[in-house]
Amino acid sequence: MKTHGLLICALTIAFSLAAENALTAASKEKVILDTDMVDSFDDGVAMVILANAPDIELLGVTTVSGNSWVSEGVASALRQLDIEKQTSVPVASGLNLPLRSNRHELFSLERQVFGQGDDTWVGSFGYPDPGSWRKVYLERYGEEPRLAPIDQHAVNFIIDTVRAHPGEVTIAAIGPCGNLALAVRMAPDIVPLIKRVVYMGGSFFQTGNITPAAEFNFYFDPEAAKITVRSPFKEQTLVGLKVSEKVIFTRDHYDGILKTLGKSGQADLLRASFLGKSFEADPNFTFFVWDVISAAIIIDPTLIVKEEHSYIDVNDQYGLSYGQSLAFREKNPPMTQKANIVLDIDENRFWELLTDRKYWASARD
């Protein structure tokens with residue numbers, strides 16, 4: 001009888017723990033990160049803090065061309081997830097070209113005709129596709145990968161995951177919008193099932209960065225951006241240049257993050273990045289952290305201290321204003337949707353979040 005009682009007690013504890021774990025998982029914010037991934041800042045850090053955030057369940061990472069080619073994005077995501085021991089997060093390869101598929105061939109001509117913004121970085125428009133993700137991984141990191149992408153296209157992954165969790169999934173669209181746009185086109189039934197979309201994109205209320213009219217992510221694939229922002233999602237929030245260019249990344253912030261990372265492999269990636277090399281060459285160098293803001297406000301929405309609610313659109317007409325983001329306080333065009341445009345965040349708390357080891361599992365080892 002004593003043994004029987006102990007068994008019942010053990011089973012009761014096991015069932016209680018299982019129920020508690022299930023309740024915890026259910027209460028977490030479910031997120032798909034759709035990204036033109038790079039090492040460290042900017043997309044890499046966005047992924048890492050989402051993967052490690054206690055109240056976030058990162059359901060998967062889907063890659064798209066933009067800052068990087070898809071193969072590079074896959075390699076970079078796998079490397080950083082491996083460093084963070086987040087080996088159960090699936091990575092799915094997505095669109096390698098914008099919906100207007102000849103953009104790479106025409107880009108130099110576009111620069112001449114449409115004008116150039118203040119930002120000289122042009123992402124994958126500026127260099128050839130490096131090939132397979134495995135080739136990129138071996139050349140960049142000098143060793144065999146321990147992880148691999150799933151055998152499912154990013155678009156299908158988005159569709160299946162949203163259907164599996166109706167009303168629960170936040171899409172963090174921090175790259176060009178091709179994957180999400182095709183998911184909406186292929187499966188329009190997912191639109192009301194998506195909890196919200198948080199973009200990094202747009203240059204509302206100011207000039208662009210890649211051209212005088214447009215911000216990089218929306219300019220890379222304006223047709224896709226127009227499809228997504230015009231989709232009647234329950235909620236859309238945009239982190240554009242208006243807020244991104246207020247949050248200045250300085251050498252002090254860089255040193256603070258390195259101190260947090262300690263001997264983590266993430267510190268090596270940060271030092272080897274364009275950002276790290278720039279700070280080492282010039283202590284007065286400054287940078288922006290576009291995508292990380294999007295991830296941070298998903299983790300902690302109270303970071304937003306000012307936003308505007310307007311109807312939005314994206315110009316997909318091939319000309320001087322190609323990719324321009326538009327906001328309408330009233331008299332909006334038909335089919336446009338209302339969105340939250342972030343204008344200011346609590347910068348002190350934002351930087352505190354980024355230097356909290358809670359969001360860097362590799363720094364706690």
# chains A, B, ... in the order shown; residues from 1 in each chain; ligands from 1
$ residues_around --residues "stretch 207-222 of chain A" --least-positions-apart "6" --cutoff "7 Å" --atoms "only C-alpha atoms" --output "PyMOL selection string"
chain A and resi 66+98-99+115-119+175-178+201+314-316+321-325
$ write_last_selection --atoms "C-alpha atoms" --output "PDB file, in the first residue's frame"
ATOM      1  CA  GLY A  66      16.909  41.646 -48.771  1.00  0.00           C
ATOM      2  CA  PRO A  98      11.311  40.132 -55.213  1.00  0.00           C
ATOM      3  CA  LEU A  99       7.931  39.645 -56.885  1.00  0.00           C
ATOM      4  CA  GLY A 115      17.740  58.670 -57.154  1.00  0.00           C
ATOM      5  CA  GLN A 116      19.835  57.540 -54.206  1.00  0.00           C
ATOM      6  CA  GLY A 117      19.166  58.029 -50.524  1.00  0.00           C
ATOM      7  CA  ASP A 118      21.624  58.658 -47.706  1.00  0.00           C
ATOM      8  CA  ASP A 119      22.195  54.958 -47.011  1.00  0.00           C
ATOM      9  CA  GLY A 175      12.594  41.915 -43.986  1.00  0.00           C
ATOM     10  CA  PRO A 176      10.953  42.486 -47.371  1.00  0.00           C
ATOM     11  CA  CYS A 177       7.397  41.164 -47.437  1.00  0.00           C
ATOM     12  CA  GLY A 178       7.578  38.509 -50.181  1.00  0.00           C
ATOM     13  CA  GLY A 201       9.392  48.988 -42.887  1.00  0.00           C
ATOM     14  CA  VAL A 314       2.767  51.457 -50.455  1.00  0.00           C
ATOM     15  CA  ASN A 315       3.388  52.809 -53.948  1.00  0.00           C
ATOM     16  CA  ASP A 316       4.106  49.926 -56.341  1.00  0.00           C
ATOM     17  CA  SER A 321       8.228  57.124 -55.835  1.00  0.00           C
ATOM     18  CA  TYR A 322       8.519  53.325 -56.184  1.00  0.00           C
ATOM     19  CA  GLY A 323       8.298  51.741 -52.735  1.00  0.00           C
ATOM     20  CA  GLN A 324       7.208  54.921 -50.963  1.00  0.00           C
ATOM     21  CA  SER A 325       5.110  54.347 -47.837  1.00  0.00           C
TER      22      SER A 325
END
$ select_by_dssp --residues "stretch 92-288 of chain A" --states "alpha helix (DSSP H)" --output "number ranges by chain"
A: 103-114, 133-141, 154-164, 178-186, 216-220, 222-229, 241-244, 251-261, 265-272, 274-281
$ residues_around --residues "A:Arg364" --least-positions-apart "6" --cutoff "9 Å" --atoms "only C-alpha atoms" --output "list in words"
Leu261, Gly262, Ser264, Arg357 and Lys358 of chain A
$ residues_around --residues "A:Leu95" --least-positions-apart "5" --cutoff "10 Å" --atoms "only C-alpha atoms" --output "number ranges by chain"
A: 62-66, 69-70, 153-155, 176-180, 182
$ residues_around --residues "A:Ala363" --least-positions-apart "6" --cutoff "12 Å" --atoms "only C-alpha atoms" --output "MDAnalysis selection string"
chainID A and resid 48 52 83:85 257:268 355:357
$ atom_distance --atom1 "atom CA of A:Lys135" --atom2 "atom CA of A:Val74"
11.1 Å
$ closest_residue --among "A:Pro90, A:Ile293, A:Lys30, A:Tyr137" --to "A:Asp42" --atoms "only C-alpha atoms"
A:Ile293
$ closest_atom_pairs --of "stretch 52-158 of chain A" --to "stretch 270-273 of chain A" --cutoff "12 Å" --atoms "only C-alpha atoms" --output "CSV"
residue,atom,partner,partner_atom,distance
A:Ser76,CA,A:Ser273,CA,11.9
A:Gln80,CA,A:Leu270,CA,11.1
A:Arg140,CA,A:Ala272,CA,10.8
A:Tyr141,CA,A:Ala272,CA,11.1
$ residues_around --residues "stretch 163-167 of chain A" --least-positions-apart "5" --cutoff "6 Å" --atoms "only C-alpha atoms" --output "PyMOL selection string"
chain A and resi 193-195
$ write_last_selection --atoms "N, CA and C atoms" --output "tab-separated table (two decimals), in the first residue's frame"
chain	number	residue	atom	x	y	z
A	193	LEU	N	-6.86	34.85	-39.30
A	193	LEU	CA	-6.31	33.95	-38.28
A	193	LEU	C	-5.02	34.49	-37.66
A	194	ILE	N	-4.39	35.46	-38.30
A	194	ILE	CA	-3.15	36.04	-37.79
A	194	ILE	C	-3.49	37.05	-36.70
A	195	LYS	N	-2.83	36.92	-35.55
A	195	LYS	CA	-3.11	37.82	-34.43
A	195	LYS	C	-2.73	39.25	-34.77
$ closest_residue --among "A:Ala148, A:Val247, A:Val292, A:Val198" --to "A:Leu343" --atoms "only C-alpha atoms"
A:Val247
